[in-house]
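J.: What follows is start_30.txt, made up of compact mmCIF, C-alpha atoms:
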# COMPACT_ATOMS: atom_id res chain seq x y z
CA MET A 1 220.69 5.72 107.57
CA LYS A 2 219.05 2.65 109.08
CA ALA A 3 220.54 3.24 112.55
CA PHE A 4 218.80 6.59 113.13
CA LYS A 5 215.81 5.85 115.36
CA ALA A 6 213.17 7.86 117.21
CA TYR A 7 215.13 8.04 120.48
CA ASP A 8 218.76 7.37 119.52
CA ILE A 9 221.15 5.98 116.92
CA ARG A 10 221.24 2.19 117.17
CA GLY A 11 221.61 -0.95 115.09
CA VAL A 12 223.73 -3.96 114.23
CA TRP A 13 227.37 -2.85 114.20
CA ASN A 14 228.98 -2.94 110.74
CA GLU A 15 225.60 -3.65 109.13
CA ASP A 16 223.31 -0.74 110.03
CA PHE A 17 226.21 1.67 110.69
CA ASN A 18 230.01 1.58 110.73
CA ALA A 19 233.15 3.48 111.81
CA GLU A 20 232.94 5.92 108.89
CA ASP A 21 229.35 6.82 109.86
CA VAL A 22 230.39 7.31 113.49
CA TYR A 23 233.30 9.57 112.41
CA LYS A 24 230.86 11.76 110.46
CA ILE A 25 228.44 11.86 113.40
CA GLY A 26 231.31 12.94 115.65
CA PHE A 27 232.41 15.63 113.19
CA HIS A 28 228.96 17.25 112.83
CA LEU A 29 227.76 16.86 116.44
CA PRO A 30 229.62 19.82 118.02
CA GLY A 31 228.21 22.19 115.37
CA LEU A 32 224.69 20.81 115.75
CA LEU A 33 224.69 21.28 119.53
CA GLY A 34 226.95 24.33 119.80
CA ALA A 35 229.51 22.49 121.90
CA ASP A 36 233.27 22.93 122.17
CA LYS A 37 233.46 19.97 124.58
CA VAL A 38 231.62 16.66 124.37
CA LEU A 39 231.32 14.26 127.32
CA VAL A 40 231.61 10.67 126.06
CA GLY A 41 230.98 7.47 128.00
CA ARG A 42 230.69 3.91 126.78
CA ASP A 43 229.40 0.51 127.74
CA VAL A 44 231.37 -2.73 127.65
CA ARG A 45 230.17 -4.03 124.28
CA LEU A 46 232.93 -5.50 122.15
CA SER A 47 232.54 -2.77 119.50
CA SER A 48 232.39 0.17 121.95
CA GLU A 49 236.14 0.90 121.88
CA THR A 50 236.20 1.06 118.06
CA ILE A 51 233.15 3.36 118.06
CA PHE A 52 234.75 5.55 120.73
CA GLU A 53 237.91 6.00 118.64
CA ALA A 54 235.96 6.89 115.47
CA LEU A 55 233.69 9.29 117.38
CA CYS A 56 236.67 11.04 119.02
CA ARG A 57 238.42 11.47 115.66
CA GLY A 58 235.33 13.14 114.27
CA ILE A 59 234.79 15.41 117.28
CA ASN A 60 238.49 16.40 117.35
CA ASP A 61 238.58 17.06 113.59
CA ALA A 62 235.71 19.52 114.13
CA GLY A 63 237.93 21.35 116.65
CA ALA A 64 236.06 20.21 119.79
CA ASP A 65 237.45 18.38 122.80
CA VAL A 66 236.35 14.99 124.11
CA CYS A 67 235.97 14.53 127.86
CA ASP A 68 236.36 10.78 128.19
CA ALA A 69 234.27 9.37 131.05
CA GLY A 70 235.46 5.81 130.25
CA LEU A 71 233.20 2.88 131.06
CA ALA A 72 229.92 4.32 132.34
CA THR A 73 226.26 3.62 132.83
CA THR A 74 223.97 5.73 130.66
CA PRO A 75 222.44 7.51 133.70
CA MET A 76 225.96 8.39 134.89
CA VAL A 77 226.55 10.23 131.60
CA TYR A 78 223.16 11.99 131.84
CA TRP A 79 224.00 13.11 135.37
CA GLY A 80 227.51 14.22 134.41
CA THR A 81 226.15 16.21 131.44
CA ALA A 82 223.80 18.25 133.63
CA ARG A 83 225.88 18.38 136.81
CA PHE A 84 229.06 19.63 135.11
CA GLY A 85 227.41 21.83 132.50
CA TYR A 86 228.26 20.09 129.21
CA ASN A 87 226.44 21.28 126.09
CA ALA A 88 226.71 17.83 124.51
CA SER A 89 227.26 14.24 125.53
CA VAL A 90 227.22 10.81 123.94
CA GLN A 91 226.83 7.44 125.60
CA ILE A 92 228.00 4.59 123.37
CA THR A 93 225.54 1.78 124.05
CA ALA A 94 222.81 -0.37 122.57
CA SER A 95 221.13 -0.60 125.97
CA HIS A 96 219.24 -3.93 126.19
CA ASN A 97 219.91 -5.18 122.64
CA PRO A 98 221.96 -8.33 121.90
CA ALA A 99 225.76 -8.18 121.76
CA ARG A 100 226.09 -7.55 118.01
CA TYR A 101 224.21 -4.23 118.37
CA ASN A 102 225.62 -0.89 119.43
CA GLY A 103 224.60 2.74 119.26
CA LEU A 104 224.83 6.34 120.45
CA LYS A 105 222.54 8.09 122.94
CA VAL A 106 222.97 11.83 122.43
CA SER A 107 222.09 14.53 124.98
CA LYS A 108 222.43 18.30 124.94
CA SER A 109 222.71 20.82 127.78
CA GLU A 110 220.89 19.93 131.01
CA ALA A 111 220.84 16.30 129.79
CA LEU A 112 217.95 17.01 127.44
CA PRO A 113 217.56 14.09 125.03
CA VAL A 114 218.33 14.52 121.34
CA GLY A 115 215.78 12.36 119.52
CA TYR A 116 214.85 12.23 115.85
CA ASP A 117 212.42 15.14 116.23
CA THR A 118 214.86 17.21 118.31
CA GLY A 119 218.10 17.02 116.35
CA LEU A 120 218.89 13.53 115.07
CA SER A 121 217.01 14.12 111.79
CA GLU A 122 219.20 17.22 111.16
CA LEU A 123 222.30 15.23 112.08
CA GLU A 124 221.34 12.49 109.64
CA LYS A 125 221.09 15.04 106.81
CA MET A 126 224.46 16.57 107.77
CA LEU A 127 226.20 13.24 107.14
CA ASP A 128 226.00 14.01 103.40
CA ASP A 129 227.85 17.32 103.85
CA PRO A 130 231.55 17.51 102.89
CA ILE A 131 234.05 17.24 105.75
CA THR A 132 237.06 19.54 106.07
CA PRO A 133 238.99 18.93 109.31
CA VAL A 134 239.99 22.15 111.09
CA LYS A 135 243.67 23.03 111.53
CA LYS A 136 243.47 23.23 115.32
CA ARG A 137 242.13 19.80 116.25
CA GLY A 138 240.55 19.15 119.60
CA SER A 139 241.98 16.80 122.23
CA VAL A 140 240.84 13.85 124.35
CA GLU A 141 241.17 14.06 128.12
CA SER A 142 239.98 11.62 130.80
CA VAL A 143 237.47 12.90 133.34
CA ASP A 144 236.28 11.19 136.51
CA ILE A 145 232.51 11.42 136.88
CA ARG A 146 232.20 8.01 138.55
CA SER A 147 233.51 9.12 141.97
CA PRO A 148 231.19 12.15 142.35
CA TYR A 149 228.32 10.11 140.91
CA ILE A 150 228.73 7.37 143.51
CA ALA A 151 228.96 9.99 146.26
CA TYR A 152 225.70 11.49 144.96
CA MET A 153 223.98 8.09 144.77
CA LYS A 154 225.06 7.06 148.27
CA ALA A 155 222.76 9.72 149.72
CA SER A 156 219.79 7.66 148.45
CA VAL A 157 220.88 4.26 149.81
CA PRO A 158 218.37 3.17 152.50
CA ASP A 159 219.09 0.97 155.51
CA LEU A 160 219.26 -2.48 153.90
CA SER A 161 220.19 -4.40 157.05
CA GLY A 162 216.83 -6.16 157.22
CA ILE A 163 216.50 -6.99 153.52
CA LYS A 164 217.75 -10.07 151.70
CA LEU A 165 218.59 -9.24 148.09
CA SER A 166 219.36 -11.06 144.85
CA VAL A 167 220.78 -8.81 142.11
CA ASP A 168 221.37 -9.63 138.43
CA CYS A 169 223.66 -7.16 136.62
CA SER A 170 223.29 -8.88 133.22
CA ASN A 171 227.12 -8.66 132.76
CA GLY A 172 226.42 -4.99 132.02
CA MET A 173 227.24 -1.56 133.33
CA ALA A 174 225.44 -1.81 136.69
CA SER A 175 228.46 -3.92 137.71
CA ILE A 176 230.67 -0.81 137.99
CA LEU A 177 228.50 0.70 140.76
CA VAL A 178 226.40 -1.91 142.44
CA HIS A 179 228.85 -3.27 145.03
CA GLU A 180 229.70 0.20 146.32
CA LEU A 181 226.02 1.08 146.66
CA LEU A 182 224.39 -2.16 147.83
CA GLY A 183 227.38 -3.64 149.67
CA GLU A 184 228.49 -7.25 149.82
CA SER A 185 225.49 -8.87 151.51
CA PRO A 186 223.29 -9.34 148.38
CA ARG A 187 223.62 -12.41 146.22
CA TYR A 188 225.03 -11.12 142.93
CA LEU A 189 224.50 -12.76 139.56
CA PHE A 190 226.51 -11.94 136.43
CA ASP A 191 228.21 -8.91 138.00
CA THR A 192 231.38 -9.07 135.90
CA LEU A 193 231.60 -6.87 132.80
CA ASP A 194 231.35 -8.91 129.61
CA GLY A 195 230.18 -7.33 126.35
CA SER A 196 229.41 -10.71 124.83
CA PHE A 197 226.66 -11.18 127.48
CA PRO A 198 227.44 -14.88 127.96
CA ASN A 199 224.69 -15.65 130.50
CA HIS A 200 221.65 -14.00 129.00
CA GLU A 201 220.81 -11.02 126.79
CA PRO A 202 220.72 -7.78 128.81
CA ASN A 203 216.97 -7.32 128.30
CA PRO A 204 214.95 -7.95 131.50
CA LEU A 205 211.63 -7.60 129.66
CA GLU A 206 212.17 -11.02 128.07
CA GLU A 207 211.12 -13.69 130.52
CA LYS A 208 213.94 -16.13 129.72
CA ASN A 209 216.49 -13.49 130.78
CA VAL A 210 214.98 -13.25 134.27
CA GLU A 211 214.92 -17.02 134.91
CA ALA A 212 218.27 -17.16 136.78
CA LEU A 213 217.17 -14.32 139.07
CA LYS A 214 213.84 -16.00 139.82
CA GLN A 215 215.67 -19.19 140.78
CA ALA A 216 218.13 -17.27 142.98
CA VAL A 217 215.32 -15.46 144.80
CA ARG A 218 213.55 -18.74 145.55
CA ALA A 219 216.73 -20.61 146.49
CA ASP A 220 217.92 -17.87 148.86
CA SER A 221 214.49 -16.85 150.18
CA SER A 222 215.27 -13.28 149.12
CA ASP A 223 212.85 -10.46 149.89
CA VAL A 224 213.25 -9.12 146.35
CA GLY A 225 215.19 -9.68 143.14
CA ILE A 226 216.56 -6.79 141.08
CA ILE A 227 217.72 -6.99 137.45
CA TYR A 228 219.34 -4.18 135.44
CA ASP A 229 219.60 -3.96 131.67
CA GLY A 230 222.85 -3.56 129.73
CA ASP A 231 223.44 0.16 130.30
CA ALA A 232 221.61 0.34 133.67
CA ASP A 233 219.03 2.93 132.65
CA ARG A 234 216.29 0.36 133.27
CA VAL A 235 215.50 -1.90 136.21
CA MET A 236 212.93 -4.61 136.89
CA PHE A 237 211.94 -6.63 139.92
CA VAL A 238 211.02 -10.12 141.04
CA ASP A 239 208.98 -10.56 144.23
CA GLU A 240 209.87 -12.88 147.12
CA LYS A 241 207.94 -15.74 145.49
CA GLY A 242 210.04 -15.46 142.31
CA ALA A 243 207.27 -13.80 140.28
CA PHE A 244 208.13 -11.05 137.78
CA VAL A 245 206.57 -7.70 138.72
CA PRO A 246 205.05 -5.72 135.81
CA PRO A 247 207.25 -2.60 135.60
CA ASP A 248 204.34 -0.13 135.36
CA LEU A 249 203.12 -1.22 138.83
CA ILE A 250 206.46 -0.04 140.23
CA ILE A 251 205.46 3.53 139.27
CA ALA A 252 202.62 3.26 141.80
CA LEU A 253 204.89 1.67 144.43
CA MET A 254 207.36 4.55 144.14
CA GLY A 255 204.54 6.89 145.11
CA HIS A 256 205.05 5.84 148.74
CA HIS A 257 208.49 7.46 148.55
CA PHE A 258 207.84 10.50 146.38
CA LEU A 259 204.30 11.48 147.42
CA LYS A 260 204.86 11.10 151.15
CA ASN A 261 205.86 14.73 151.69
CA GLU A 262 204.93 16.38 148.40
CA LYS A 263 201.86 16.04 146.21
CA GLY A 264 202.21 16.71 142.50
CA ASN A 265 202.25 15.35 138.95
CA VAL A 266 203.37 11.83 138.04
CA LEU A 267 204.07 10.86 134.41
CA MET A 268 203.40 7.47 132.85
CA ASP A 269 203.22 6.13 129.32
CA ILE A 270 200.13 5.27 127.31
CA ARG A 271 200.46 1.51 128.08
CA THR A 272 200.21 1.94 131.86
CA SER A 273 197.67 -0.03 133.90
CA LYS A 274 194.64 1.80 135.29
CA SER A 275 195.66 0.29 138.63
CA VAL A 276 198.61 2.70 138.64
CA TYR A 277 196.46 5.78 137.91
CA GLU A 278 194.02 4.91 140.66
CA TYR A 279 196.75 4.16 143.20
CA ILE A 280 198.66 7.39 142.44
CA GLU A 281 195.46 9.39 142.94
CA LYS A 282 194.84 7.61 146.29
CA LEU A 283 198.30 8.71 147.42
CA GLY A 284 197.47 12.32 146.51
CA GLY A 285 199.34 12.51 143.20
CA LYS A 286 198.01 13.57 139.80
CA ALA A 287 198.58 10.99 137.05
CA HIS A 288 199.42 12.12 133.48
CA MET A 289 199.73 9.94 130.39
CA TRP A 290 202.14 10.51 127.49
CA LYS A 291 204.04 8.89 124.61
CA VAL A 292 206.41 5.95 125.01
CA GLY A 293 210.15 6.69 124.95
CA HIS A 294 212.73 8.60 126.96
CA ALA A 295 213.10 11.35 124.34
CA PHE A 296 209.41 12.21 124.84
CA ALA A 297 209.15 11.50 128.56
CA LYS A 298 211.99 13.80 129.67
CA LEU A 299 210.53 16.79 127.85
CA LYS A 300 207.06 16.07 129.26
CA MET A 301 208.50 15.72 132.78
CA ARG A 302 209.80 19.28 132.51
CA GLU A 303 206.60 20.62 131.01
CA LEU A 304 204.48 19.12 133.80
CA LYS A 305 207.07 19.80 136.51
CA ALA A 306 206.39 16.16 137.43
CA ILE A 307 207.96 14.79 140.61
CA TYR A 308 208.71 11.47 138.92
CA GLY A 309 207.47 9.18 136.18
CA GLY A 310 207.87 5.76 134.64
CA GLU A 311 207.26 3.44 131.71
CA LEU A 312 206.17 -0.13 131.12
CA ALA A 313 209.68 -0.83 129.77
CA GLY A 314 211.25 -0.21 133.22
CA HIS A 315 212.47 3.37 132.78
CA TYR A 316 211.84 5.58 135.84
CA TYR A 317 212.31 9.35 135.54
CA ILE A 318 213.12 11.48 138.56
CA ARG A 319 212.78 15.28 138.72
CA ASP A 320 215.69 15.63 141.12
CA PHE A 321 217.86 13.52 138.79
CA TYR A 322 217.56 16.17 136.06
CA ASN A 323 214.31 14.50 134.89
CA CYS A 324 216.38 11.55 133.64
CA ASP A 325 216.02 7.80 134.12
CA SER A 326 218.30 5.73 136.34
CA GLY A 327 217.81 2.03 136.99
CA MET A 328 220.12 2.19 140.01
CA LEU A 329 218.43 5.19 141.63
CA ALA A 330 214.98 3.71 140.97
CA SER A 331 216.03 0.45 142.65
CA LEU A 332 217.27 2.37 145.73
CA ILE A 333 213.89 4.11 145.98
CA VAL A 334 212.00 0.82 145.70
CA LEU A 335 214.27 -0.69 148.36
CA ASP A 336 213.51 2.28 150.62
CA VAL A 337 209.76 1.56 150.28
CA LEU A 338 210.32 -2.18 150.86
CA ALA A 339 212.52 -1.61 153.94
CA GLU A 340 209.75 0.50 155.49
CA ALA A 341 207.08 -2.09 154.58
CA LYS A 342 209.12 -4.98 155.98
CA LYS A 343 209.26 -3.27 159.38
CA GLN A 344 205.45 -3.44 159.31
CA GLY A 345 205.52 -7.14 158.35
CA ARG A 346 204.54 -6.62 154.70
CA THR A 347 206.20 -8.46 151.81
CA PHE A 348 207.01 -7.19 148.32
CA SER A 349 204.22 -9.28 146.76
CA GLN A 350 201.72 -7.85 149.27
CA LEU A 351 202.74 -4.31 148.30
CA ILE A 352 202.20 -5.17 144.62
CA ASP A 353 198.90 -6.98 145.26
CA ALA A 354 197.59 -3.83 146.96
CA ILE A 355 198.24 -1.95 143.69
CA ARG A 356 197.09 -4.49 141.09
CA SER A 357 193.32 -4.39 140.58
CA TYR A 358 192.91 -5.45 136.92
CA ALA A 359 193.81 -8.38 134.69
CA ASN A 360 196.50 -7.28 132.24
CA SER A 361 197.95 -8.90 129.11
CA GLY A 362 201.37 -7.24 129.23
CA GLU A 363 202.72 -6.02 125.89
CA ILE A 364 202.18 -8.42 122.97
CA ASN A 365 203.81 -7.99 119.53
CA PHE A 366 202.12 -8.76 116.20
CA ARG A 367 204.18 -8.78 113.01
CA ILE A 368 202.13 -6.59 110.68
CA GLU A 369 203.20 -4.46 107.70
CA LYS A 370 199.94 -2.51 107.31
CA LYS A 371 200.00 -1.13 110.82
CA LYS A 372 197.70 1.87 110.38
CA GLU A 373 195.02 -0.18 108.60
CA ALA A 374 195.10 -2.80 111.36
CA MET A 375 194.85 -0.15 114.10
CA ASP A 376 191.91 1.52 112.37
CA ALA A 377 190.13 -1.82 111.97
CA LEU A 378 190.35 -2.43 115.73
CA LYS A 379 189.14 1.08 116.51
CA GLU A 380 186.17 0.83 114.15
CA HIS A 381 185.17 -2.65 115.37
CA PHE A 382 185.16 -1.96 119.10
CA GLU A 383 183.75 1.57 118.91
CA GLY A 384 180.88 0.06 116.90
CA LYS A 385 180.12 -2.37 119.74
CA GLU A 386 180.25 -0.08 122.80
CA LYS A 387 180.78 3.58 123.60
CA PRO A 388 184.32 4.50 124.68
CA THR A 389 184.76 6.29 128.02
CA ALA A 390 188.10 7.78 126.91
CA PHE A 391 190.19 7.97 123.72
CA PHE A 392 193.87 8.91 123.24
CA ASP A 393 195.69 8.97 119.91
CA PHE A 394 199.11 10.56 120.59
CA ASP A 395 200.90 7.18 120.46
CA GLY A 396 198.79 4.71 118.54
CA TYR A 397 195.30 4.38 120.07
CA ARG A 398 194.31 3.86 123.67
CA ILE A 399 190.57 3.27 123.79
CA GLU A 400 188.91 2.83 127.19
CA PHE A 401 185.50 1.29 127.81
CA ALA A 402 183.49 0.79 131.01
CA ASP A 403 185.28 -2.38 132.14
CA TRP A 404 188.26 -2.81 129.80
CA TRP A 405 190.70 -0.91 127.54
CA PHE A 406 193.36 -1.55 124.94
CA ASN A 407 196.36 0.31 123.53
CA VAL A 408 197.64 -0.56 120.08
CA ARG A 409 200.70 1.31 118.79
CA PRO A 410 203.07 0.90 115.87
CA SER A 411 206.75 0.16 116.43
CA ASN A 412 208.90 3.07 115.27
CA THR A 413 211.54 0.77 113.85
CA GLU A 414 210.04 -2.62 112.99
CA PRO A 415 206.98 -4.08 111.21
CA TYR A 416 205.24 -4.70 114.54
CA LEU A 417 202.08 -3.60 116.25
CA ARG A 418 202.37 -3.58 120.04
CA LEU A 419 199.24 -4.37 122.02
CA VAL A 420 198.27 -4.07 125.68
CA VAL A 421 194.81 -5.13 126.90
CA GLU A 422 193.44 -4.75 130.41
CA ALA A 423 190.09 -5.77 131.90
CA LYS A 424 188.29 -6.05 135.22
CA THR A 425 188.35 -9.87 135.13
CA ASP A 426 190.54 -12.61 133.69
CA GLU A 427 187.57 -13.95 131.72
CA LEU A 428 186.87 -10.61 130.07
CA LEU A 429 190.56 -10.15 129.29
CA SER A 430 190.68 -13.57 127.57
CA ALA A 431 187.57 -12.80 125.54
CA LYS A 432 188.85 -9.41 124.37
CA LEU A 433 192.30 -10.78 123.55
CA GLU A 434 190.71 -13.52 121.48
CA SER A 435 188.61 -10.96 119.58
CA ILE A 436 191.57 -8.66 118.91
CA THR A 437 193.85 -11.52 117.83
CA SER A 438 191.19 -12.75 115.44
CA LEU A 439 190.78 -9.28 113.90
CA LEU A 440 194.54 -8.80 113.55
CA SER A 441 194.97 -12.19 111.90
CA ASP A 442 193.54 -10.60 108.71
CA PHE A 443 196.61 -8.35 108.60
CA THR A 444 199.42 -10.77 109.55
Let's see the structure in the file written out as structure tokens.

T.:
Amino acid sequence: MKAFKAYDIRGVWNEDFNAEDVYKIGFHLPGLLGADKVLVGRDVRLSSETIFEALCRGINDAGADVCDAGLATTPMVYWGTARFGYNASVQITASHNPARYNGLKVSKSEALPVGYDTGLSELEKMLDDPITPVKKRGSVESVDIRSPYIAYMKASVPDLSGIKLSVDCSNGMASILVHELLGESPRYLFDTLDGSFPNHEPNPLEEKNVEALKQAVRADSSDVGIIYDGDADRVMFVDEKGAFVPPDLIIALMGHHFLKNEKGNVLMDIRTSKSVYEYIEKLGGKAHMWKVGHAFAKLKMRELKAIYGGELAGHYYIRDFYNCDSGMLASLIVLDVLAEAKKQGRTFSQLIDAIRSYANSGEINFRIEKKKEAMDALKEHFEGKEKPTAFFDFDGYRIEFADWWFNVRPSNTEPYLRLVVEAKTDELLSAKLESITSLLSDFT
């Protein structure tokens, strides 16, 4: 089925998947994960209620119970899964995608992600199996995980009395928590739940979606702007000048919080700036690189016993949050670092400037069908010109040279190659980008 992806089940509702598909997923899920109870939360998308009803019917027909968490952020469901010992959970969400999308993020015991390689491929095959509802159907009962979750989160709220904040909730799920955690002094944008996302799409990685926050930060002279995506598992930041902060640099910034009293491993994805590696090492941490995507990152976090980790897409993983990502918790940690810095007279942009030591392209997409051929052409061309200092091939190619590097990786779901280039100077970055773009033009 088109909606089964590397990390979750997601697509355009009633095109890529429908209520009958969701019913079948619900029916087979308890057997797949050995669960007699399934925790289910949902976002505010217009199709979420319909999906919830179909999913519950399937789970109940398999004889398992649904514990209905109601409207929830994705991290709230992760936390509830691990904290209350569920063997299975589903968050109904399409995260940062436009309103016509929806999906299912599946977790098993201890909030371990169920990705395509760890269960979703089996689930997809099971959808062809015949369905015979059991005689003793399961039930649906409401559970309150929001109250204990907020109590848990409040322990991480720093003293914000000296910080002026602008916060964009993207009309998404952050709205159900943010006032209780950050109080009423911030300037809030789009903090009412609306699954049609009338103000902007809930994807902070697209520049146009951050424009209102940038303007608010400048107009209010805020110390920082915070923007959450649709299901609040990701967060991004704008500095006091209204400039967007590359999310991978935040991994380094968080080191001031996490590496202050404990030195250990920090995880980051293959697209991460060398600035971050070098800064983490300065703070006494040990930087490790791995594949893009939460289904991979959470398993690697456990393997490395990493203290925390992060991705260019604005996911931040925290060991003491069951190795899961939480946009809200990550923002509280960044605010803790900023509050401390402000006491010393340092601004958010100064903190970031102390980290950033290379010119970086950010992630650029190229529409290419022959992805492997294009990747190999880049590898062959640049390795023929100079000797690499490092080479990684677990998620596309990351090839490092003396004064620049690039990562090129195929999209799991679309005919795109994703490119990041970084160099010691702006001039070198421009030259390398021009070369790569020219080579890729043969494949577009």

J.: How would you write as an MDAnalysis selection string the residues that get within 12 Å of (218.2, 11.4, 123.1) in the file's frame, counting all atoms listed in the file?

T.: chainID A and resid 4:10 74 77:78 88:92 103:121 293:299 324:325

J.: Using only C-alpha atoms, can you list as a compact mmCIF listing (two decimals) with C-alpha atoms, in the frame of the given file the residues within 12 Å of (195.3, 7.3, 120.6)?

T.:
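Saved result, out09.txt, follows:
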# COMPACT_ATOMS: atom_id res chain seq x y z
CA ASP A 269 203.22 6.13 129.32
CA ILE A 270 200.13 5.27 127.31
CA ARG A 271 200.46 1.51 128.08
CA MET A 289 199.73 9.94 130.39
CA TRP A 290 202.14 10.51 127.49
CA LYS A 291 204.04 8.89 124.61
CA LYS A 372 197.70 1.87 110.38
CA MET A 375 194.85 -0.15 114.10
CA ASP A 376 191.91 1.52 112.37
CA LEU A 378 190.35 -2.43 115.73
CA LYS A 379 189.14 1.08 116.51
CA ALA A 390 188.10 7.78 126.91
CA PHE A 391 190.19 7.97 123.72
CA PHE A 392 193.87 8.91 123.24
CA ASP A 393 195.69 8.97 119.91
CA PHE A 394 199.11 10.56 120.59
CA ASP A 395 200.90 7.18 120.46
CA GLY A 396 198.79 4.71 118.54
CA TYR A 397 195.30 4.38 120.07
CA ARG A 398 194.31 3.86 123.67
CA ILE A 399 190.57 3.27 123.79
CA GLU A 400 188.91 2.83 127.19
CA TRP A 405 190.70 -0.91 127.54
CA PHE A 406 193.36 -1.55 124.94
CA ASN A 407 196.36 0.31 123.53
CA VAL A 408 197.64 -0.56 120.08
CA ARG A 409 200.70 1.31 118.79
CA PRO A 410 203.07 0.90 115.87

J.: Per residue of stretch 78-150 of chain A within 8 Å of stretch 226-236 of chain A, what are the shortest atom pair and its distance in Å to one decimal, counting all atoms listed in the file, with rows by chain and residue number, as JSON lines?

T.:
{"residue": "A:Thr93", "atom": "CA", "partner": "A:Asp231", "partner_atom": "CA", "distance": 6.8}
{"residue": "A:Ala94", "atom": "CA", "partner": "A:Asp231", "partner_atom": "CA", "distance": 7.8}
{"residue": "A:Ser95", "atom": "CA", "partner": "A:Asp231", "partner_atom": "CA", "distance": 5.0}
{"residue": "A:His96", "atom": "CA", "partner": "A:Gly230", "partner_atom": "CA", "distance": 5.1}
{"residue": "A:Asn97", "atom": "CA", "partner": "A:Gly230", "partner_atom": "CA", "distance": 7.8}

J.: Just the number, please: distance in Å from atom CA of A:Leu440 to atom CA of A:Gly314, one decimal.

T.: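 It comes out at 27.2 Å.
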
J.: Using all atoms listed in the file, pick whichever of A:Leu439, A:Thr272, A:Met328, A:Pro30 has the shortest atom-to-atom distance to A:Glu380.

T.: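 Smallest distance to A:Glu380 is found for A:Leu439.
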
J.: Give me, as a VMD selection string, all polymer residues having an atom no more than 6 Å from stretch 187-190 of chain A, counting all atoms listed in the file and skipping those fewer than 2 positions away in the same chain.

T.: chain A and resid 166 to 171 192

J.: Could you tell me which of A:Val292, A:Ala339, A:Leu351, A:Leu417 comes closest to A:Lys371 if we count all atoms listed in the file?

T.: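 Checking each candidate against A:Lys371, we get A:Leu417 as the closest.
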
J.: Could you check which of A:Leu181, A:Lys274, A:Gly384, A:Arg367 is closest to A:Asp403, using only C-alpha atoms?

T.: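 So, comparing all the options, the nearest one is A:Lys274.
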
J.: Which of these residues is nearest to A:Lys164, using all atoms listed in the file: A:Ile131, A:Val217, A:Ala306, A:Ile280?

T.: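 Closest candidate: A:Val217.
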
J.: Counting only C-alpha atoms, figure out which residue out of A:Asp21, A:Glu363, A:Glu414, A:Asp191 gets nearest to A:His179.

T.: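 Checking each candidate against A:His179, we get A:Asp191 as the closest.
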
J.: Measuring between all atoms listed in the file, which one of A:Val276, A:Ile333, A:Met153, A:Leu71 shows the shortest distance to A:Gly195?

T.: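 The shortest atom-to-atom distance to A:Gly195 comes from A:Leu71.
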
J.: When you draw a straight line from atom CA of A:Ala212 to atom CA of A:Leu433, how long is it in Å?

T.: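 Calculated distance between atom CA of A:Ala212 and atom CA of A:Leu433 is 29.8 Å.
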
J.: Give, as JSON, the centre coordinates and the x, y and z edge lengths in Å to one decimal for an axis-aligned box around all listed atoms of stretch 49-62 of chain A, padded by 8 Å on each side.

T.:
{"center_x": 235.9, "center_y": 10.2, "center_z": 117.7, "size_x": 21.4, "size_y": 34.6, "size_z": 24.3}

J.: Quick one, how far is atom CA of A:Asp248 from atom CA of A:Asn261?

T.: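 Between these atoms lies a distance of 22.1 Å.
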
J.: Excluding A:Gly255 and its own-chain neighbours fewer than 6 positions away, which residues fall within 10 Å of it when counting only C-alpha atoms? Please give them as a list in words.

T.: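 These residues fall inside the cut-off: Lys263, Val266, Val276, Tyr279, Ile280, Glu281, Lys282, Leu283, Gly284, Gly285, Ile307, Tyr308, Gly309, Ile333, Val334 and Val337 of chain A.
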
J.: For A:Leu193, find every residue with an atom within 7 Å (counting only C-alpha atoms), except residues of its own chain fewer than 5 positions away, and show them as a PyMOL selection string.

T.: chain A and resi 44+171-173+175
